[in-house]
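Enquirer: Sharing a structure below in structure tokens format, with a few things to ask.
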Amino acid sequence: MESDDDDDVPLILTWDDANSGLLSEDAERGDENGEGGNYDTVNNAVISTPGPQNHRSQNVSLRQSWEMNYQEAAIYLQEGENNDKFFTHPRNPKALAAYLFAHNHLFYMMELLTGLLLMMLSLCEAPAVPSLRLDVYVHATLELLALVMVAFELCMKLRWLGFHTFIRHKRTMVKTCVLLLQFVEAIVVLVRQTSHVRVTRALRPIFLVDCRYCGAVRRNLRQIFQSLPPFIDILLLLLFFMVIFAILGFCLFSPNTADPYFSTLENSLVSLFVLVTTANFPDVMMPAYSKNRWSCVFFIVYLSIELYFVMNLLLAVVFDTFNDVEKMKFKSLLLHKRSAIDHAFQLLVSRQRPMGVSLKQFDGLMRFYRPRMSARDRFLTYKALNTSGAPMLSLQDFYKFYEVTGLKWKARRSGEHWFDDLPHTSFIIFKGINLLVKSKAFQYAMYVVVAINGVWILVETYTLNSGFSWSRFVPWSYIVFLTIYGVEVLLKITGLGPMAYFSSGWNLFDFSVTVFAFLGLIALAFDMEPFYFIVVLRPFQLLRLFKIKQRYRNVLDTMFELFPRMASLGLTLIIFYYSFAIVGMEFFADVVYPNCCNTSTVADSYRQINVTYGNKTVLEEGYYYLNNFNNILSSFVTLFELTVVNNWYITMEGVTSMTTHWSRLYFMTFYIVTMVVMTIIVAFILDAFVFRMNYSRKNREPVENPEDENGIVFEVEVSRDEALTTLELYKQTCPGLSSLNSLQGVLQTMDRGGHSSLVYLGRRSRTKSDLSMKMYEEEIQQEWYTEYSRENLAEQAQRLEQHLDSPASLPSSFPEPQLNSQTGPHSVN
């Protein structure tokens, strides 16, 4: 069988035009005459080698062709995983070399550090943080160096994509334009040795967002832009009512000279805009209300329409749009992965066996797709895919590729527990502990202990006096409850075994809180005062009570699942903050200070005066002068206060009184932008929670033990004969000893235990993609895959028509491979 595999010829020969004639007699004669060149794969890079001077066997050429195919198939699968479009796929060996250089973690880290450096320069540039100020030539030189690195990254991308694809890539073109603009400005600063108004610094986050590690931020921004059309529609409705009420308010209340809020039409608009945020209510109503009590009707009707109807309608529309966008995003990614698998499958099948992928070809693929994966895990992954037990993987088997490649494989114990092989007496003891910690009585007893601890903490905290310090005293109850928690952890680790115990997220949480509490106690015992705060973390133990009820578990599970996405949303918000902070510093730096804004209605908030009460003089100050744009850090704090919207109009009016009325546009625009982002965040939280609740109702998966979190589990049985056959195959394909150790370990484990086979379990955590697959299972099978197949057939028919119309077309003895039309030229033999 191995000799047959050696004679297999790839269905598609990629990247090397010289190999395209591998099956033709002319090409064979050319090889015998020493003509033609080849490409060798060295350390995941393709290098050209001169044509052979002597006779080269066809097996060597075939092996090189397979290596090429393995590498390109791995690239397709990585593009599917990362949602990279196929038109960026490398099309020739030179492009492949640039692609491989640009797709490694060192290059990604260089992109990330360059983007961070450019953004962090705002700490040192005027207006700078006082302690971090640098001379102009220093920060301008650093900026130029960072921009040169960005230019180098773009050059590598140009070499890999080609000019025509490069200019079609919108994000890359935007990055290129911003780079040129920043380059010119940096050179001007360096030549003039002084900074000028540089609002374009607000565009620096583009370099960070384009980094590979910020893919989630790009997806968030894309979703924000996709949600904008319905958002803008409702926003226009909100502004329409605002203008109508502003005109009405101006007509009704402007005769009252004591009312500064409606003295002009501009003030009316601004006052009602602020009123939507409720920051100036009821202050904005009181002058009119003091003259006529019926004037409250105006404000009640306005708030009822704008705040309670239109704003909630805005959230509902955005949530509905977000829900559709999330579903379409999942569909798009799912079909994109399916297309990537189709491309890879065609590159892995042979001319002799075009309907399946053998272990040899699959292993060659995984050596490029997961270079650090052991030979044993590659073999187990193949077995997990091959559910039918056929000699080769079918396309339907291969479609599960992304489900199994992330599995962590471990041999299942022959016994039920970790202590099954211990002496009888020890076995009885550990078995008793195991039954104890798994019993419902033990679980609910611990819940009662936690509840009592919570009540005790509440009573103790209530009875403390204001001079109490945790760094000086620890109540005896803390030591008692901590001892109980410590005993519980030890019992569970002993009864369940360390591996089973730490595989549960709840157990990890309990263990972490308990360990931190012990560390805090030790810190206090040795008078390590800076660490006393760890003791204050003890109320986190109360979260364990939420495991009792299913709804609470759903809430907490949703919260934990949201943490990675919330981090990307937080970074998205920080990017908006950065851009607005740069604009704010350029226009509003040093405009507010103590005792400024004397002509505005918020002068008291900026006042700093000495007031004498009898014989005592007290400094009374309104602290709002601290909310300024004097440097990037102060700007971030100010923008966060504006996001909270409580009294945000005081900051706006203070800056406006010291600059111009047009400054209000900056603050209003910032409020609208943050409202969009925060609405998306709320919609995301709602969507995640509603999705999980609907999933739970649909699948009805009761969990007897709330701490049982198996996630996704695959089971594979390996016989001794399979292991020996696979080991022999691997000795021929990858003879390095280090790659065979893991497979030899399988045989050694069988020998030690006297087993003829071993069962391996592959585990990974459950993701939202897994939940979505189950949630939309019927729709996926009946509609999405049907639509995908229909589009593929249409593309194949179009390619076949183009192929027949081409004067260079030649008849083929086997079907045309199902490749996307954007994958670039491939030679088919």
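Each chain of the structure tokens is named A, B, ... in the order shown, its residues numbered from 1; ligands are numbered from 1 in display order.
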So which residues touch A:Asn646 within 12 Å, counting only C-alpha atoms, skipping near sequence neighbours fewer than 4 positions away, as a ChimeraX atom specification?

Expert: /A:274-281,638-642,650-652,671

Enquirer: Output all heavy atoms for every residue in the selection just made, as a short mmCIF file (atom, residue, chain, number, x, y, z; two decimals), in the first residue's frame.

Expert:
data_model
loop_
_atom_site.label_atom_id
_atom_site.label_comp_id
_atom_site.auth_asym_id
_atom_site.auth_seq_id
_atom_site.Cartn_x
_atom_site.Cartn_y
_atom_site.Cartn_z
N VAL A 274 -28.88 68.24 25.84
CA VAL A 274 -28.38 67.81 27.15
C VAL A 274 -29.49 67.16 27.96
O VAL A 274 -29.26 66.20 28.69
CB VAL A 274 -27.78 69.01 27.91
CG1 VAL A 274 -27.34 68.59 29.31
CG2 VAL A 274 -26.61 69.60 27.14
N LEU A 275 -30.72 67.65 27.77
CA LEU A 275 -31.85 67.11 28.53
C LEU A 275 -32.11 65.65 28.18
O LEU A 275 -32.54 64.87 29.04
CB LEU A 275 -33.10 67.95 28.26
CG LEU A 275 -34.38 67.54 29.02
CD1 LEU A 275 -34.13 67.54 30.53
CD2 LEU A 275 -35.52 68.48 28.66
N VAL A 276 -31.84 65.26 26.93
CA VAL A 276 -32.00 63.84 26.55
C VAL A 276 -31.11 62.96 27.41
O VAL A 276 -31.47 61.82 27.72
CB VAL A 276 -31.69 63.66 25.05
CG1 VAL A 276 -31.63 62.18 24.68
CG2 VAL A 276 -32.72 64.36 24.20
N THR A 277 -29.96 63.48 27.83
CA THR A 277 -29.06 62.71 28.69
C THR A 277 -29.43 62.83 30.16
O THR A 277 -28.79 62.20 31.00
CB THR A 277 -27.61 63.19 28.50
OG1 THR A 277 -27.46 64.50 29.06
CG2 THR A 277 -27.24 63.22 27.03
N THR A 278 -30.43 63.67 30.48
CA THR A 278 -30.94 63.96 31.84
C THR A 278 -29.90 64.62 32.73
O THR A 278 -30.09 64.73 33.95
CB THR A 278 -31.44 62.67 32.54
OG1 THR A 278 -30.33 61.83 32.85
CG2 THR A 278 -32.43 61.92 31.67
N ALA A 279 -28.78 65.09 32.15
CA ALA A 279 -27.71 65.67 32.98
C ALA A 279 -28.11 67.02 33.57
O ALA A 279 -27.58 67.39 34.63
CB ALA A 279 -26.44 65.83 32.14
N ASN A 280 -29.00 67.75 32.91
CA ASN A 280 -29.38 69.08 33.41
C ASN A 280 -30.81 69.14 33.91
O ASN A 280 -31.41 70.22 33.99
CB ASN A 280 -29.16 70.13 32.31
CG ASN A 280 -30.04 69.86 31.10
OD1 ASN A 280 -30.65 68.81 30.99
ND2 ASN A 280 -30.07 70.82 30.17
N PHE A 281 -31.37 67.98 34.22
CA PHE A 281 -32.76 67.97 34.71
C PHE A 281 -32.75 67.76 36.22
O PHE A 281 -31.98 66.95 36.74
CB PHE A 281 -33.53 66.84 34.02
CG PHE A 281 -35.01 66.87 34.27
CD1 PHE A 281 -35.81 67.75 33.56
CD2 PHE A 281 -35.59 66.06 35.23
CE1 PHE A 281 -37.18 67.79 33.79
CE2 PHE A 281 -36.95 66.11 35.47
CZ PHE A 281 -37.75 66.96 34.74
N THR A 638 -11.28 62.93 31.26
CA THR A 638 -12.36 63.84 30.90
C THR A 638 -13.37 63.15 29.98
O THR A 638 -14.59 63.28 30.16
CB THR A 638 -11.79 65.09 30.20
OG1 THR A 638 -10.85 65.72 31.08
CG2 THR A 638 -12.89 66.07 29.84
N LEU A 639 -12.87 62.40 29.01
CA LEU A 639 -13.77 61.72 28.08
C LEU A 639 -14.58 60.64 28.78
O LEU A 639 -15.76 60.41 28.43
CB LEU A 639 -12.97 61.13 26.92
CG LEU A 639 -12.34 62.14 25.96
CD1 LEU A 639 -11.47 61.43 24.94
CD2 LEU A 639 -13.40 62.98 25.26
N PHE A 640 -13.98 59.99 29.77
CA PHE A 640 -14.76 58.99 30.52
C PHE A 640 -15.88 59.67 31.30
O PHE A 640 -17.01 59.16 31.35
CB PHE A 640 -13.86 58.21 31.47
CG PHE A 640 -14.60 57.16 32.25
CD1 PHE A 640 -14.95 55.95 31.67
CD2 PHE A 640 -14.96 57.39 33.57
CE1 PHE A 640 -15.64 55.00 32.38
CE2 PHE A 640 -15.65 56.44 34.30
CZ PHE A 640 -15.99 55.24 33.69
N GLU A 641 -15.60 60.82 31.88
CA GLU A 641 -16.65 61.56 32.58
C GLU A 641 -17.75 61.98 31.62
O GLU A 641 -18.94 61.96 31.97
CB GLU A 641 -16.04 62.79 33.26
CG GLU A 641 -15.10 62.43 34.42
CD GLU A 641 -14.44 63.66 35.02
OE1 GLU A 641 -14.75 64.77 34.57
OE2 GLU A 641 -13.63 63.49 35.94
N LEU A 642 -17.37 62.35 30.40
CA LEU A 642 -18.38 62.69 29.41
C LEU A 642 -19.20 61.47 29.02
O LEU A 642 -20.40 61.59 28.73
CB LEU A 642 -17.71 63.27 28.16
CG LEU A 642 -16.96 64.60 28.33
CD1 LEU A 642 -16.28 65.00 27.02
CD2 LEU A 642 -17.92 65.70 28.78
N ILE A 650 -21.37 70.71 32.07
CA ILE A 650 -20.53 71.71 32.75
C ILE A 650 -19.18 71.79 32.07
O ILE A 650 -18.64 72.88 31.82
CB ILE A 650 -20.38 71.35 34.25
CG1 ILE A 650 -21.74 71.43 34.95
CG2 ILE A 650 -19.37 72.26 34.92
CD1 ILE A 650 -21.70 71.07 36.42
N THR A 651 -18.60 70.62 31.76
CA THR A 651 -17.33 70.60 31.02
C THR A 651 -17.50 71.24 29.65
O THR A 651 -16.65 72.04 29.21
CB THR A 651 -16.82 69.16 30.88
OG1 THR A 651 -16.66 68.59 32.18
CG2 THR A 651 -15.50 69.11 30.14
N MET A 652 -18.59 70.90 28.97
CA MET A 652 -18.82 71.46 27.63
C MET A 652 -18.98 72.97 27.68
O MET A 652 -18.36 73.70 26.88
CB MET A 652 -20.08 70.82 27.02
CG MET A 652 -20.44 71.37 25.64
SD MET A 652 -21.90 70.58 24.92
CE MET A 652 -23.20 71.24 25.99
N TYR A 671 -20.61 62.46 22.28
CA TYR A 671 -21.73 61.78 22.96
C TYR A 671 -22.44 60.83 22.00
O TYR A 671 -22.76 59.69 22.36
CB TYR A 671 -22.72 62.80 23.49
CG TYR A 671 -23.96 62.15 24.04
CD1 TYR A 671 -23.95 61.50 25.26
CD2 TYR A 671 -25.15 62.14 23.29
CE1 TYR A 671 -25.09 60.87 25.74
CE2 TYR A 671 -26.28 61.52 23.77
CZ TYR A 671 -26.24 60.88 25.00
OH TYR A 671 -27.36 60.24 25.47
#

Enquirer: DSSP on the backbone, then: every residue of stretch 96-205 of chain A marked alpha helix (DSSP H), written as a VMD selection string.

Expert: chain A and resid 96 to 102 105 to 120 136 to 161 163 to 168 170 to 192 205

Enquirer: Got a sec to tell me which of stretch 35-218 of chain A DSSP assigns to strand (DSSP E), as a ChimeraX atom specification?

Expert: /A:38-42,45-49

Enquirer: Okay, now the selection with all heavy atoms, as a PDB file, in the first residue's frame?

Expert:
ATOM      1  N   ASN A  38      13.180  23.636  -9.852  1.00  0.00           N
ATOM      2  CA  ASN A  38      12.216  23.214  -8.841  1.00  0.00           C
ATOM      3  C   ASN A  38      12.253  24.175  -7.670  1.00  0.00           C
ATOM      4  O   ASN A  38      13.078  25.069  -7.608  1.00  0.00           O
ATOM      5  CB  ASN A  38      12.547  21.792  -8.349  1.00  0.00           C
ATOM      6  CG  ASN A  38      12.338  20.746  -9.425  1.00  0.00           C
ATOM      7  OD1 ASN A  38      11.218  20.424  -9.776  1.00  0.00           O
ATOM      8  ND2 ASN A  38      13.443  20.257  -9.981  1.00  0.00           N
ATOM      9  N   TYR A  39      11.340  23.920  -6.745  1.00  0.00           N
ATOM     10  CA  TYR A  39      11.297  24.699  -5.506  1.00  0.00           C
ATOM     11  C   TYR A  39      11.326  23.734  -4.343  1.00  0.00           C
ATOM     12  O   TYR A  39      10.588  22.738  -4.327  1.00  0.00           O
ATOM     13  CB  TYR A  39      10.023  25.559  -5.431  1.00  0.00           C
ATOM     14  CG  TYR A  39       9.986  26.642  -6.464  1.00  0.00           C
ATOM     15  CD1 TYR A  39       9.281  26.462  -7.657  1.00  0.00           C
ATOM     16  CD2 TYR A  39      10.658  27.834  -6.261  1.00  0.00           C
ATOM     17  CE1 TYR A  39       9.249  27.466  -8.612  1.00  0.00           C
ATOM     18  CE2 TYR A  39      10.628  28.837  -7.211  1.00  0.00           C
ATOM     19  CZ  TYR A  39       9.924  28.642  -8.381  1.00  0.00           C
ATOM     20  OH  TYR A  39       9.894  29.630  -9.324  1.00  0.00           O
ATOM     21  N   ASP A  40      12.199  23.997  -3.389  1.00  0.00           N
ATOM     22  CA  ASP A  40      12.293  23.161  -2.195  1.00  0.00           C
ATOM     23  C   ASP A  40      11.680  23.894  -1.024  1.00  0.00           C
ATOM     24  O   ASP A  40      11.701  25.114  -0.954  1.00  0.00           O
ATOM     25  CB  ASP A  40      13.758  22.830  -1.867  1.00  0.00           C
ATOM     26  CG  ASP A  40      14.375  21.922  -2.934  1.00  0.00           C
ATOM     27  OD1 ASP A  40      13.606  21.159  -3.549  1.00  0.00           O
ATOM     28  OD2 ASP A  40      15.588  22.000  -3.137  1.00  0.00           O
ATOM     29  N   THR A  41      11.126  23.134  -0.072  1.00  0.00           N
ATOM     30  CA  THR A  41      10.535  23.712   1.127  1.00  0.00           C
ATOM     31  C   THR A  41      11.515  23.562   2.274  1.00  0.00           C
ATOM     32  O   THR A  41      11.843  22.442   2.663  1.00  0.00           O
ATOM     33  CB  THR A  41       9.219  23.003   1.468  1.00  0.00           C
ATOM     34  OG1 THR A  41       8.366  23.064   0.325  1.00  0.00           O
ATOM     35  CG2 THR A  41       8.545  23.664   2.649  1.00  0.00           C
ATOM     36  N   VAL A  42      11.996  24.670   2.783  1.00  0.00           N
ATOM     37  CA  VAL A  42      12.975  24.650   3.872  1.00  0.00           C
ATOM     38  C   VAL A  42      12.479  25.563   4.981  1.00  0.00           C
ATOM     39  O   VAL A  42      12.293  26.755   4.778  1.00  0.00           O
ATOM     40  CB  VAL A  42      14.361  25.125   3.383  1.00  0.00           C
ATOM     41  CG1 VAL A  42      15.350  25.109   4.530  1.00  0.00           C
ATOM     42  CG2 VAL A  42      14.858  24.240   2.240  1.00  0.00           C
ATOM     43  N   ALA A  45       9.581  27.779   4.252  1.00  0.00           N
ATOM     44  CA  ALA A  45       9.781  28.798   3.228  1.00  0.00           C
ATOM     45  C   ALA A  45      10.153  28.121   1.929  1.00  0.00           C
ATOM     46  O   ALA A  45      10.822  27.089   1.913  1.00  0.00           O
ATOM     47  CB  ALA A  45      10.874  29.777   3.641  1.00  0.00           C
ATOM     48  N   VAL A  46       9.721  28.714   0.820  1.00  0.00           N
ATOM     49  CA  VAL A  46      10.001  28.125  -0.483  1.00  0.00           C
ATOM     50  C   VAL A  46      11.202  28.816  -1.084  1.00  0.00           C
ATOM     51  O   VAL A  46      11.239  30.047  -1.164  1.00  0.00           O
ATOM     52  CB  VAL A  46       8.783  28.273  -1.415  1.00  0.00           C
ATOM     53  CG1 VAL A  46       9.140  27.808  -2.817  1.00  0.00           C
ATOM     54  CG2 VAL A  46       7.634  27.455  -0.883  1.00  0.00           C
ATOM     55  N   ILE A  47      12.190  28.049  -1.490  1.00  0.00           N
ATOM     56  CA  ILE A  47      13.375  28.619  -2.134  1.00  0.00           C
ATOM     57  C   ILE A  47      13.577  27.916  -3.466  1.00  0.00           C
ATOM     58  O   ILE A  47      13.307  26.728  -3.617  1.00  0.00           O
ATOM     59  CB  ILE A  47      14.626  28.455  -1.247  1.00  0.00           C
ATOM     60  CG1 ILE A  47      14.888  26.970  -0.951  1.00  0.00           C
ATOM     61  CG2 ILE A  47      14.490  29.223   0.042  1.00  0.00           C
ATOM     62  CD1 ILE A  47      16.172  26.729  -0.207  1.00  0.00           C
ATOM     63  N   SER A  48      14.026  28.661  -4.461  1.00  0.00           N
ATOM     64  CA  SER A  48      14.241  28.085  -5.777  1.00  0.00           C
ATOM     65  C   SER A  48      15.601  27.403  -5.818  1.00  0.00           C
ATOM     66  O   SER A  48      16.561  27.848  -5.194  1.00  0.00           O
ATOM     67  CB  SER A  48      14.167  29.176  -6.842  1.00  0.00           C
ATOM     68  OG  SER A  48      15.155  30.146  -6.611  1.00  0.00           O
ATOM     69  N   THR A  49      15.650  26.299  -6.572  1.00  0.00           N
ATOM     70  CA  THR A  49      16.910  25.570  -6.747  1.00  0.00           C
ATOM     71  C   THR A  49      17.140  25.366  -8.229  1.00  0.00           C
ATOM     72  O   THR A  49      16.181  25.206  -8.991  1.00  0.00           O
ATOM     73  CB  THR A  49      16.857  24.202  -6.039  1.00  0.00           C
ATOM     74  OG1 THR A  49      15.761  23.463  -6.584  1.00  0.00           O
ATOM     75  CG2 THR A  49      16.654  24.365  -4.548  1.00  0.00           C
TER      76      THR A  49
END

Enquirer: Looking at only C-alpha atoms, which of A:Val199, A:Leu724, A:Tyr785, A:Ser742 is the one that sits closest to A:Met373?

Expert: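 Among the listed residues, the smallest separation from A:Met373 belongs to A:Ser742.
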
Enquirer: Hey, what's within 10 Å of A:Thr194 if we count only C-alpha atoms and toss same-chain stuff fewer than 2 positions away? As a VMD selection string, please?

Expert: chain A and resid 126 135 to 137 140 188 to 192 196

Enquirer: Export N, CA and C atoms of the chosen residues as a PDB file, in the first residue's frame?

Expert:
ATOM      1  N   ALA A 126       3.925  67.374  22.584  1.00  0.00           N
ATOM      2  CA  ALA A 126       3.165  68.496  23.130  1.00  0.00           C
ATOM      3  C   ALA A 126       1.713  68.438  22.643  1.00  0.00           C
ATOM      4  N   ASP A 135      12.175  65.867  23.913  1.00  0.00           N
ATOM      5  CA  ASP A 135      12.493  66.900  22.930  1.00  0.00           C
ATOM      6  C   ASP A 135      11.876  66.547  21.587  1.00  0.00           C
ATOM      7  N   VAL A 136      11.663  67.575  20.779  1.00  0.00           N
ATOM      8  CA  VAL A 136      10.983  67.382  19.501  1.00  0.00           C
ATOM      9  C   VAL A 136      11.753  66.403  18.622  1.00  0.00           C
ATOM     10  N   TYR A 137      13.072  66.572  18.532  1.00  0.00           N
ATOM     11  CA  TYR A 137      13.836  65.714  17.620  1.00  0.00           C
ATOM     12  C   TYR A 137      13.815  64.261  18.065  1.00  0.00           C
ATOM     13  N   ALA A 140      10.115  62.916  17.267  1.00  0.00           N
ATOM     14  CA  ALA A 140       9.944  62.908  15.808  1.00  0.00           C
ATOM     15  C   ALA A 140      10.776  61.800  15.170  1.00  0.00           C
ATOM     16  N   VAL A 188       8.268  67.187   8.542  1.00  0.00           N
ATOM     17  CA  VAL A 188       8.114  68.636   8.762  1.00  0.00           C
ATOM     18  C   VAL A 188       8.443  68.990  10.204  1.00  0.00           C
ATOM     19  N   VAL A 189       7.945  68.189  11.153  1.00  0.00           N
ATOM     20  CA  VAL A 189       8.232  68.445  12.574  1.00  0.00           C
ATOM     21  C   VAL A 189       9.721  68.340  12.836  1.00  0.00           C
ATOM     22  N   LEU A 190      10.357  67.323  12.251  1.00  0.00           N
ATOM     23  CA  LEU A 190      11.785  67.129  12.480  1.00  0.00           C
ATOM     24  C   LEU A 190      12.611  68.270  11.884  1.00  0.00           C
ATOM     25  N   VAL A 191      12.203  68.796  10.735  1.00  0.00           N
ATOM     26  CA  VAL A 191      12.932  69.885  10.099  1.00  0.00           C
ATOM     27  C   VAL A 191      12.717  71.200  10.844  1.00  0.00           C
ATOM     28  N   ARG A 192      11.477  71.467  11.220  1.00  0.00           N
ATOM     29  CA  ARG A 192      11.168  72.738  11.896  1.00  0.00           C
ATOM     30  C   ARG A 192      11.532  72.724  13.378  1.00  0.00           C
ATOM     31  N   HIS A 196       3.323  71.392  15.303  1.00  0.00           N
ATOM     32  CA  HIS A 196       2.246  72.235  14.796  1.00  0.00           C
ATOM     33  C   HIS A 196       0.932  71.507  15.052  1.00  0.00           C
TER      34      HIS A 196
END

Enquirer: Would you mind listing what lies within 12 Å of stretch 386-392 of chain A as a PyMOL selection string, with only C-alpha atoms counted and same-chain residues fewer than 4 positions away left out?

Expert: chain A and resi 1+5+345+348-350+353-362+379-382+396-401+404+714-718+722

Enquirer: Quick one: everything within 6 Å of stretch 568-583 of chain A, counting only C-alpha atoms, minus sequence neighbours fewer than 3 positions away in the same chain. Send it as an NGL selection string.

Expert: :A and (199 or 202 or 216-217 or 565 or 586 or 635)
